[in-house]
$ cat model-v2.json   # JSON, C-alpha atoms
[["chain", "number", "residue", "atom", "x", "y", "z"],
["A", 1, "MET", "CA", 127.11, 118.04, 30.73],
["A", 2, "THR", "CA", 126.66, 116.10, 33.98],
["A", 3, "ALA", "CA", 129.04, 113.45, 35.30],
["A", 4, "ALA", "CA", 126.40, 110.84, 34.46],
["A", 5, "ASP", "CA", 126.27, 112.10, 30.86],
["A", 6, "ARG", "CA", 130.07, 111.95, 30.64],
["A", 7, "PHE", "CA", 130.06, 108.39, 32.02],
["A", 8, "ILE", "CA", 127.37, 107.28, 29.55],
["A", 9, "LYS", "CA", 129.36, 108.79, 26.69],
["A", 10, "LEU", "CA", 132.47, 106.93, 27.91],
["A", 11, "VAL", "CA", 130.61, 103.60, 28.10],
["A", 12, "GLN", "CA", 129.16, 104.11, 24.63],
["A", 13, "HIS", "CA", 132.63, 104.67, 23.12],
["A", 14, "PRO", "CA", 133.47, 101.22, 21.72],
["A", 15, "ILE", "CA", 137.25, 101.46, 21.96],
["A", 16, "LYS", "CA", 137.49, 103.11, 25.39],
["A", 17, "PHE", "CA", 134.99, 100.82, 27.10],
["A", 18, "ASN", "CA", 136.34, 97.66, 25.48],
["A", 19, "LEU", "CA", 139.81, 98.71, 26.68],
["A", 20, "PHE", "CA", 138.34, 99.10, 30.18],
["A", 21, "LEU", "CA", 136.85, 95.61, 29.97],
["A", 22, "LEU", "CA", 140.08, 94.13, 28.64],
["A", 23, "THR", "CA", 142.23, 95.67, 31.40],
["A", 24, "LYS", "CA", 139.86, 95.60, 34.38],
["A", 25, "LEU", "CA", 137.46, 92.72, 33.60],
["A", 26, "PRO", "CA", 139.36, 90.48, 31.17],
["A", 27, "SER", "CA", 137.19, 87.43, 31.82],
["A", 28, "ALA", "CA", 134.09, 89.40, 30.87],
["A", 29, "PHE", "CA", 135.83, 90.78, 27.77],
["A", 30, "PHE", "CA", 136.93, 87.37, 26.49],
["A", 31, "CYS", "CA", 133.53, 85.77, 27.26],
["A", 32, "GLY", "CA", 131.89, 88.41, 25.08],
["A", 33, "VAL", "CA", 130.07, 90.45, 27.75],
["A", 34, "ARG", "CA", 129.10, 93.75, 26.12],
["A", 35, "VAL", "CA", 127.01, 96.81, 26.95],
["A", 36, "GLN", "CA", 124.00, 97.14, 24.68],
["A", 37, "SER", "CA", 122.56, 100.31, 26.21],
["A", 38, "ILE", "CA", 122.78, 102.55, 29.25],
["A", 39, "SER", "CA", 120.78, 105.47, 30.60],
["A", 40, "GLU", "CA", 120.37, 107.04, 34.03],
["A", 41, "GLU", "CA", 117.52, 104.60, 34.72],
["A", 42, "ASN", "CA", 118.67, 101.29, 33.26],
["A", 43, "ALA", "CA", 121.48, 99.31, 31.69],
["A", 44, "VAL", "CA", 121.35, 96.35, 29.31],
["A", 45, "VAL", "CA", 124.35, 94.03, 29.08],
["A", 46, "THR", "CA", 124.59, 90.98, 26.83],
["A", 47, "VAL", "CA", 126.51, 87.73, 26.93],
["A", 48, "PRO", "CA", 126.62, 85.29, 24.02],
["A", 49, "TYR", "CA", 126.61, 81.54, 24.03],
["A", 50, "LYS", "CA", 129.95, 80.70, 22.46],
["A", 51, "TRP", "CA", 133.00, 78.52, 23.03],
["A", 52, "LEU", "CA", 134.50, 80.75, 25.75],
["A", 53, "SER", "CA", 131.21, 81.08, 27.65],
["A", 54, "GLN", "CA", 129.90, 77.52, 27.38],
["A", 55, "ASN", "CA", 129.45, 74.79, 29.96],
["A", 56, "PRO", "CA", 129.42, 71.02, 29.34],
["A", 57, "PHE", "CA", 125.60, 71.07, 29.12],
["A", 58, "LYS", "CA", 125.50, 73.09, 25.88],
["A", 59, "SER", "CA", 124.42, 76.36, 27.46],
["A", 60, "THR", "CA", 126.05, 79.50, 28.82],
["A", 61, "TYR", "CA", 128.10, 78.89, 31.95],
["A", 62, "PHE", "CA", 126.46, 80.35, 35.05],
["A", 63, "ALA", "CA", 129.53, 82.44, 35.90],
["A", 64, "CYS", "CA", 129.33, 84.19, 32.52],
["A", 65, "LEU", "CA", 125.66, 84.93, 33.14],
["A", 66, "ALA", "CA", 126.62, 86.30, 36.57],
["A", 67, "MET", "CA", 129.28, 88.56, 35.02],
["A", 68, "ALA", "CA", 126.74, 90.11, 32.67],
["A", 69, "ALA", "CA", 124.15, 90.52, 35.43],
["A", 70, "GLU", "CA", 126.69, 92.11, 37.77],
["A", 71, "LEU", "CA", 127.89, 94.50, 35.06],
["A", 72, "SER", "CA", 124.33, 95.67, 34.37],
["A", 73, "THR", "CA", 123.99, 96.72, 38.01],
["A", 74, "GLY", "CA", 127.61, 97.85, 38.30],
["A", 75, "LEU", "CA", 127.36, 100.26, 35.39],
["A", 76, "LEU", "CA", 124.54, 102.12, 37.13],
["A", 77, "SER", "CA", 126.58, 102.14, 40.32],
["A", 78, "MET", "CA", 129.74, 103.38, 38.59],
["A", 79, "MET", "CA", 127.75, 106.04, 36.74],
["A", 80, "ASN", "CA", 126.54, 107.48, 40.03],
["A", 81, "THR", "CA", 129.98, 107.40, 41.65],
["A", 82, "TYR", "CA", 131.88, 108.70, 38.60],
["A", 83, "GLN", "CA", 133.94, 111.81, 39.41],
["A", 84, "ARG", "CA", 132.10, 112.29, 42.74],
["A", 85, "GLN", "CA", 133.50, 114.21, 45.66],
["A", 86, "PRO", "CA", 133.90, 112.75, 48.15],
["A", 87, "VAL", "CA", 135.10, 109.59, 46.44],
["A", 88, "ILE", "CA", 132.64, 106.72, 46.90],
["A", 89, "SER", "CA", 133.84, 103.17, 47.45],
["A", 90, "MET", "CA", 131.61, 100.42, 46.09],
["A", 91, "LEU", "CA", 131.70, 96.70, 46.71],
["A", 92, "VAL", "CA", 129.56, 93.69, 45.91],
["A", 93, "THR", "CA", 128.52, 92.14, 49.23],
["A", 94, "GLY", "CA", 125.95, 89.61, 48.08],
["A", 95, "LEU", "CA", 124.63, 87.69, 45.12],
["A", 96, "GLU", "CA", 121.48, 85.63, 44.70],
["A", 97, "ALA", "CA", 120.51, 83.89, 41.48],
["A", 98, "SER", "CA", 117.62, 81.88, 40.11],
["A", 99, "TYR", "CA", 117.79, 80.10, 36.76],
["A", 100, "PHE", "CA", 114.67, 79.27, 34.79],
["A", 101, "LYS", "CA", 115.73, 78.24, 31.30],
["A", 102, "LYS", "CA", 118.91, 77.14, 29.51],
["A", 103, "ALA", "CA", 120.83, 80.01, 27.97],
["A", 104, "ILE", "CA", 121.53, 78.69, 24.48],
["A", 105, "GLY", "CA", 121.88, 82.00, 22.65],
["A", 106, "ARG", "CA", 122.59, 85.63, 23.49],
["A", 107, "THR", "CA", 121.23, 86.60, 26.91],
["A", 108, "TYR", "CA", 120.24, 90.22, 27.65],
["A", 109, "PHE", "CA", 120.53, 91.35, 31.28],
["A", 110, "THR", "CA", 118.56, 94.44, 32.24],
["A", 111, "CYS", "CA", 118.82, 96.39, 35.49],
["A", 112, "GLN", "CA", 116.23, 99.13, 35.97],
["A", 113, "ASN", "CA", 117.31, 100.31, 39.42],
["A", 114, "GLY", "CA", 119.16, 103.48, 38.37],
["A", 115, "ALA", "CA", 117.11, 105.87, 40.51],
["A", 116, "ALA", "CA", 117.26, 103.63, 43.59],
["A", 117, "ILE", "CA", 121.03, 103.21, 43.23],
["A", 118, "LYS", "CA", 121.45, 106.98, 42.90],
["A", 119, "ASN", "CA", 119.36, 107.55, 46.05],
["A", 120, "CYS", "CA", 121.41, 104.95, 47.94],
["A", 121, "ILE", "CA", 124.68, 106.67, 46.98],
["A", 122, "GLU", "CA", 123.27, 110.09, 47.98],
["A", 123, "GLU", "CA", 122.34, 108.63, 51.37],
["A", 124, "ALA", "CA", 125.86, 107.24, 51.81],
["A", 125, "ILE", "CA", 127.29, 110.70, 51.11],
["A", 126, "LYS", "CA", 124.80, 112.45, 53.39],
["A", 127, "THR", "CA", 125.21, 110.10, 56.37],
["A", 128, "GLY", "CA", 128.86, 109.08, 55.95],
["A", 129, "ASP", "CA", 127.78, 105.51, 56.69],
["A", 130, "GLY", "CA", 127.95, 102.44, 54.50],
["A", 131, "VAL", "CA", 124.65, 101.94, 52.70],
["A", 132, "SER", "CA", 123.57, 98.85, 50.78],
["A", 133, "ILE", "CA", 121.10, 98.16, 48.01],
["A", 134, "LYS", "CA", 119.94, 94.95, 46.38],
["A", 135, "ALA", "CA", 119.76, 95.58, 42.63],
["A", 136, "LYS", "CA", 117.85, 93.24, 40.33],
["A", 137, "SER", "CA", 119.05, 92.13, 36.91],
["A", 138, "THR", "CA", 116.81, 90.02, 34.71],
["A", 139, "GLY", "CA", 118.29, 87.94, 31.91],
["A", 140, "ARG", "CA", 116.13, 87.23, 28.86],
["A", 141, "ASN", "CA", 116.73, 85.47, 25.59],
["A", 142, "ALA", "CA", 116.03, 86.99, 22.16],
["A", 143, "ALA", "CA", 112.40, 85.78, 22.39],
["A", 144, "GLY", "CA", 111.94, 87.70, 25.67],
["A", 145, "GLU", "CA", 111.76, 84.57, 27.85],
["A", 146, "ILE", "CA", 113.30, 84.88, 31.30],
["A", 147, "ILE", "CA", 116.53, 82.89, 31.56],
["A", 148, "ALA", "CA", 117.65, 84.00, 35.02],
["A", 149, "GLU", "CA", 117.20, 86.62, 37.71],
["A", 150, "PHE", "CA", 120.07, 87.95, 39.76],
["A", 151, "TYR", "CA", 120.04, 90.11, 42.86],
["A", 152, "ILE", "CA", 123.37, 91.85, 43.39],
["A", 153, "THR", "CA", 123.87, 93.59, 46.74],
["A", 154, "TRP", "CA", 126.09, 96.66, 46.48],
["A", 155, "SER", "CA", 127.55, 98.54, 49.43],
["A", 156, "PHE", "CA", 128.55, 102.21, 49.09],
["A", 157, "LYS", "CA", 130.53, 104.38, 51.46],
["A", 158, "ALA", "CA", 131.93, 107.87, 51.13],
["A", 159, "LYS", "CA", 135.68, 107.89, 51.71],
["A", 160, "SER", "CA", 137.03, 110.43, 54.15],
["A", 161, "ASN", "CA", 139.81, 112.60, 52.74]]
$ encode --input "model-v2.json" --output "structure tokens"
Amino acid sequence: MTAADRFIKLVQHPIKFNLFLLTKLPSAFFCGVRVQSISEENAVVTVPYKWLSQNPFKSTYFACLAMAAELSTGLLSMMNTYQRQPVISMLVTGLEASYFKKAIGRTYFTCQNGAAIKNCIEEAIKTGDGVSIKAKSTGRNAAGEIIAEFYITWSFKAKSN
């Protein structure tokens, strides 16, 4: 079993991953951000429209949408840095967002940049330099309509021991 397989299994364990969210990303946990699916290629993260995620305009608050979008890209990043030697540091260095429609129900954020993220991390290990990638996460409603698009820039660097 590869490290990626072990990470996917960990994320799919409802108690362990919810405990991770509660302790490391409590805002996301309480807003209802949850992982719907994950593979080596893509991740789907959802956020509901509910009392803790609402804004005064009767839609999901933009920051809650951003949390779900970031987690969809971050899961693929964490999967490819999980139990790696050397240890890889990762950091969000940029965020761009465009909103197209009010989020008035559950929003599904999908990032399909798994292979590109993996290649970026491999380059960071090979060169020893910091390497960045701009990962795309698209948020859609239950009808498949695009709600928002986010571009999260991640920076990776292999730590020296």
$ atom_distance --input "model-v2.json" --atom1 "atom CA of Thr46 of chain A" --atom2 "atom CA of Thr110 of chain A"
8.8 Å
$ residues_around --input "model-v2.json" --residues "Ala158 of chain A" --least-positions-apart "5" --cutoff "6 Å" --atoms "all atoms listed in the file" --output "ChimeraX atom specification"
/A:87-88,125,128
$ residues_around --input "model-v2.json" --residues "Glu122 of chain A" --least-positions-apart "4" --cutoff "12 Å" --atoms "only C-alpha atoms" --output "PyMOL selection string"
chain A and resi 77+80-81+84-88+115-118+126-132+156-158
$ write_last_selection --input "model-v2.json" --atoms "C-alpha atoms" --output "compact mmCIF listing (two decimals), keeping the file's coordinate frame"
# COMPACT_ATOMS: atom_id res chain seq x y z
CA SER A 77 126.58 102.14 40.32
CA ASN A 80 126.54 107.48 40.03
CA THR A 81 129.98 107.40 41.65
CA ARG A 84 132.10 112.29 42.74
CA GLN A 85 133.50 114.21 45.66
CA PRO A 86 133.90 112.75 48.15
CA VAL A 87 135.10 109.59 46.44
CA ILE A 88 132.64 106.72 46.90
CA ALA A 115 117.11 105.87 40.51
CA ALA A 116 117.26 103.63 43.59
CA ILE A 117 121.03 103.21 43.23
CA LYS A 118 121.45 106.98 42.90
CA LYS A 126 124.80 112.45 53.39
CA THR A 127 125.21 110.10 56.37
CA GLY A 128 128.86 109.08 55.95
CA ASP A 129 127.78 105.51 56.69
CA GLY A 130 127.95 102.44 54.50
CA VAL A 131 124.65 101.94 52.70
CA SER A 132 123.57 98.85 50.78
CA PHE A 156 128.55 102.21 49.09
CA LYS A 157 130.53 104.38 51.46
CA ALA A 158 131.93 107.87 51.13
$ closest_residue --input "model-v2.json" --among "A:Ala43, A:Ile15, A:Ile133, A:Leu10" --to "Leu91 of chain A" --atoms "all atoms listed in the file"
A:Ile133
$ residues_around --input "model-v2.json" --residues "segment 92-108 of chain A" --least-positions-apart "3" --cutoff "6 Å" --atoms "all atoms listed in the file" --output "CSV table (one decimal) with C-alpha atoms, in the frame of the given file"
chain,number,residue,atom,x,y,z
A,45,VAL,CA,124.4,94.0,29.1
A,46,THR,CA,124.6,91.0,26.8
A,47,VAL,CA,126.5,87.7,26.9
A,48,PRO,CA,126.6,85.3,24.0
A,49,TYR,CA,126.6,81.5,24.0
A,59,SER,CA,124.4,76.4,27.5
A,60,THR,CA,126.0,79.5,28.8
A,139,GLY,CA,118.3,87.9,31.9
A,140,ARG,CA,116.1,87.2,28.9
A,141,ASN,CA,116.7,85.5,25.6
A,147,ILE,CA,116.5,82.9,31.6
A,148,ALA,CA,117.6,84.0,35.0
A,149,GLU,CA,117.2,86.6,37.7
A,150,PHE,CA,120.1,88.0,39.8
A,151,TYR,CA,120.0,90.1,42.9
A,152,ILE,CA,123.4,91.8,43.4
A,153,THR,CA,123.9,93.6,46.7
A,154,TRP,CA,126.1,96.7,46.5
$ decode --input "model-v2.json" --residues "segment 56-77 of chain A" --atoms "N, CA and C atoms" --output "mmCIF file, in the first residue's frame"
data_model
loop_
_atom_site.group_PDB
_atom_site.id
_atom_site.type_symbol
_atom_site.label_atom_id
_atom_site.label_comp_id
_atom_site.auth_asym_id
_atom_site.auth_seq_id
_atom_site.Cartn_x
_atom_site.Cartn_y
_atom_site.Cartn_z
ATOM 1 N N PRO A 56 -25.402 37.725 5.182
ATOM 2 C CA PRO A 56 -26.674 38.454 5.291
ATOM 3 C C PRO A 56 -27.511 38.461 4.012
ATOM 4 N N PHE A 57 -26.964 37.955 2.914
ATOM 5 C CA PHE A 57 -27.646 37.993 1.622
ATOM 6 C C PHE A 57 -28.305 36.663 1.271
ATOM 7 N N LYS A 58 -28.493 35.822 2.268
ATOM 8 C CA LYS A 58 -29.157 34.526 2.115
ATOM 9 C C LYS A 58 -28.440 33.594 1.131
ATOM 10 N N SER A 59 -27.122 33.551 1.279
ATOM 11 C CA SER A 59 -26.311 32.600 0.526
ATOM 12 C C SER A 59 -25.108 32.226 1.387
ATOM 13 N N THR A 60 -24.297 31.294 0.879
ATOM 14 C CA THR A 60 -23.124 30.859 1.630
ATOM 15 C C THR A 60 -22.067 31.951 1.624
ATOM 16 N N TYR A 61 -21.538 32.238 2.794
ATOM 17 C CA TYR A 61 -20.504 33.256 2.975
ATOM 18 C C TYR A 61 -19.271 32.897 2.147
ATOM 19 N N PHE A 62 -18.671 33.886 1.518
ATOM 20 C CA PHE A 62 -17.555 33.625 0.605
ATOM 21 C C PHE A 62 -16.393 32.926 1.295
ATOM 22 N N ALA A 63 -16.165 33.224 2.566
ATOM 23 C CA ALA A 63 -15.055 32.597 3.281
ATOM 24 C C ALA A 63 -15.286 31.100 3.458
ATOM 25 N N CYS A 64 -16.532 30.688 3.629
ATOM 26 C CA CYS A 64 -16.845 29.260 3.733
ATOM 27 C C CYS A 64 -16.631 28.569 2.393
ATOM 28 N N LEU A 65 -16.994 29.255 1.321
ATOM 29 C CA LEU A 65 -16.723 28.716 -0.015
ATOM 30 C C LEU A 65 -15.215 28.575 -0.220
ATOM 31 N N ALA A 66 -14.453 29.575 0.222
ATOM 32 C CA ALA A 66 -12.994 29.542 0.079
ATOM 33 C C ALA A 66 -12.389 28.388 0.880
ATOM 34 N N MET A 67 -12.933 28.126 2.074
ATOM 35 C CA MET A 67 -12.421 27.006 2.879
ATOM 36 C C MET A 67 -12.584 25.686 2.146
ATOM 37 N N ALA A 68 -13.750 25.481 1.548
ATOM 38 C CA ALA A 68 -14.001 24.231 0.832
ATOM 39 C C ALA A 68 -13.117 24.128 -0.410
ATOM 40 N N ALA A 69 -12.964 25.225 -1.129
ATOM 41 C CA ALA A 69 -12.112 25.222 -2.321
ATOM 42 C C ALA A 69 -10.663 24.928 -1.947
ATOM 43 N N GLU A 70 -10.184 25.582 -0.898
ATOM 44 C CA GLU A 70 -8.802 25.381 -0.461
ATOM 45 C C GLU A 70 -8.585 23.950 -0.012
ATOM 46 N N LEU A 71 -9.550 23.374 0.708
ATOM 47 C CA LEU A 71 -9.393 21.994 1.170
ATOM 48 C C LEU A 71 -9.356 21.016 0.002
ATOM 49 N N SER A 72 -10.113 21.281 -1.057
ATOM 50 C CA SER A 72 -10.072 20.370 -2.214
ATOM 51 C C SER A 72 -8.687 20.333 -2.851
ATOM 52 N N THR A 73 -7.994 21.461 -2.873
ATOM 53 C CA THR A 73 -6.629 21.482 -3.405
ATOM 54 C C THR A 73 -5.632 21.011 -2.352
ATOM 55 N N GLY A 74 -5.892 21.349 -1.103
ATOM 56 C CA GLY A 74 -4.996 20.981 -0.015
ATOM 57 C C GLY A 74 -4.937 19.491 0.243
ATOM 58 N N LEU A 75 -6.059 18.805 0.065
ATOM 59 C CA LEU A 75 -6.053 17.353 0.243
ATOM 60 C C LEU A 75 -5.104 16.680 -0.738
ATOM 61 N N LEU A 76 -5.130 17.134 -1.984
ATOM 62 C CA LEU A 76 -4.230 16.554 -2.992
ATOM 63 C C LEU A 76 -2.780 16.888 -2.675
ATOM 64 N N SER A 77 -2.567 18.065 -2.118
ATOM 65 C CA SER A 77 -1.220 18.457 -1.713
ATOM 66 C C SER A 77 -0.749 17.618 -0.527
#
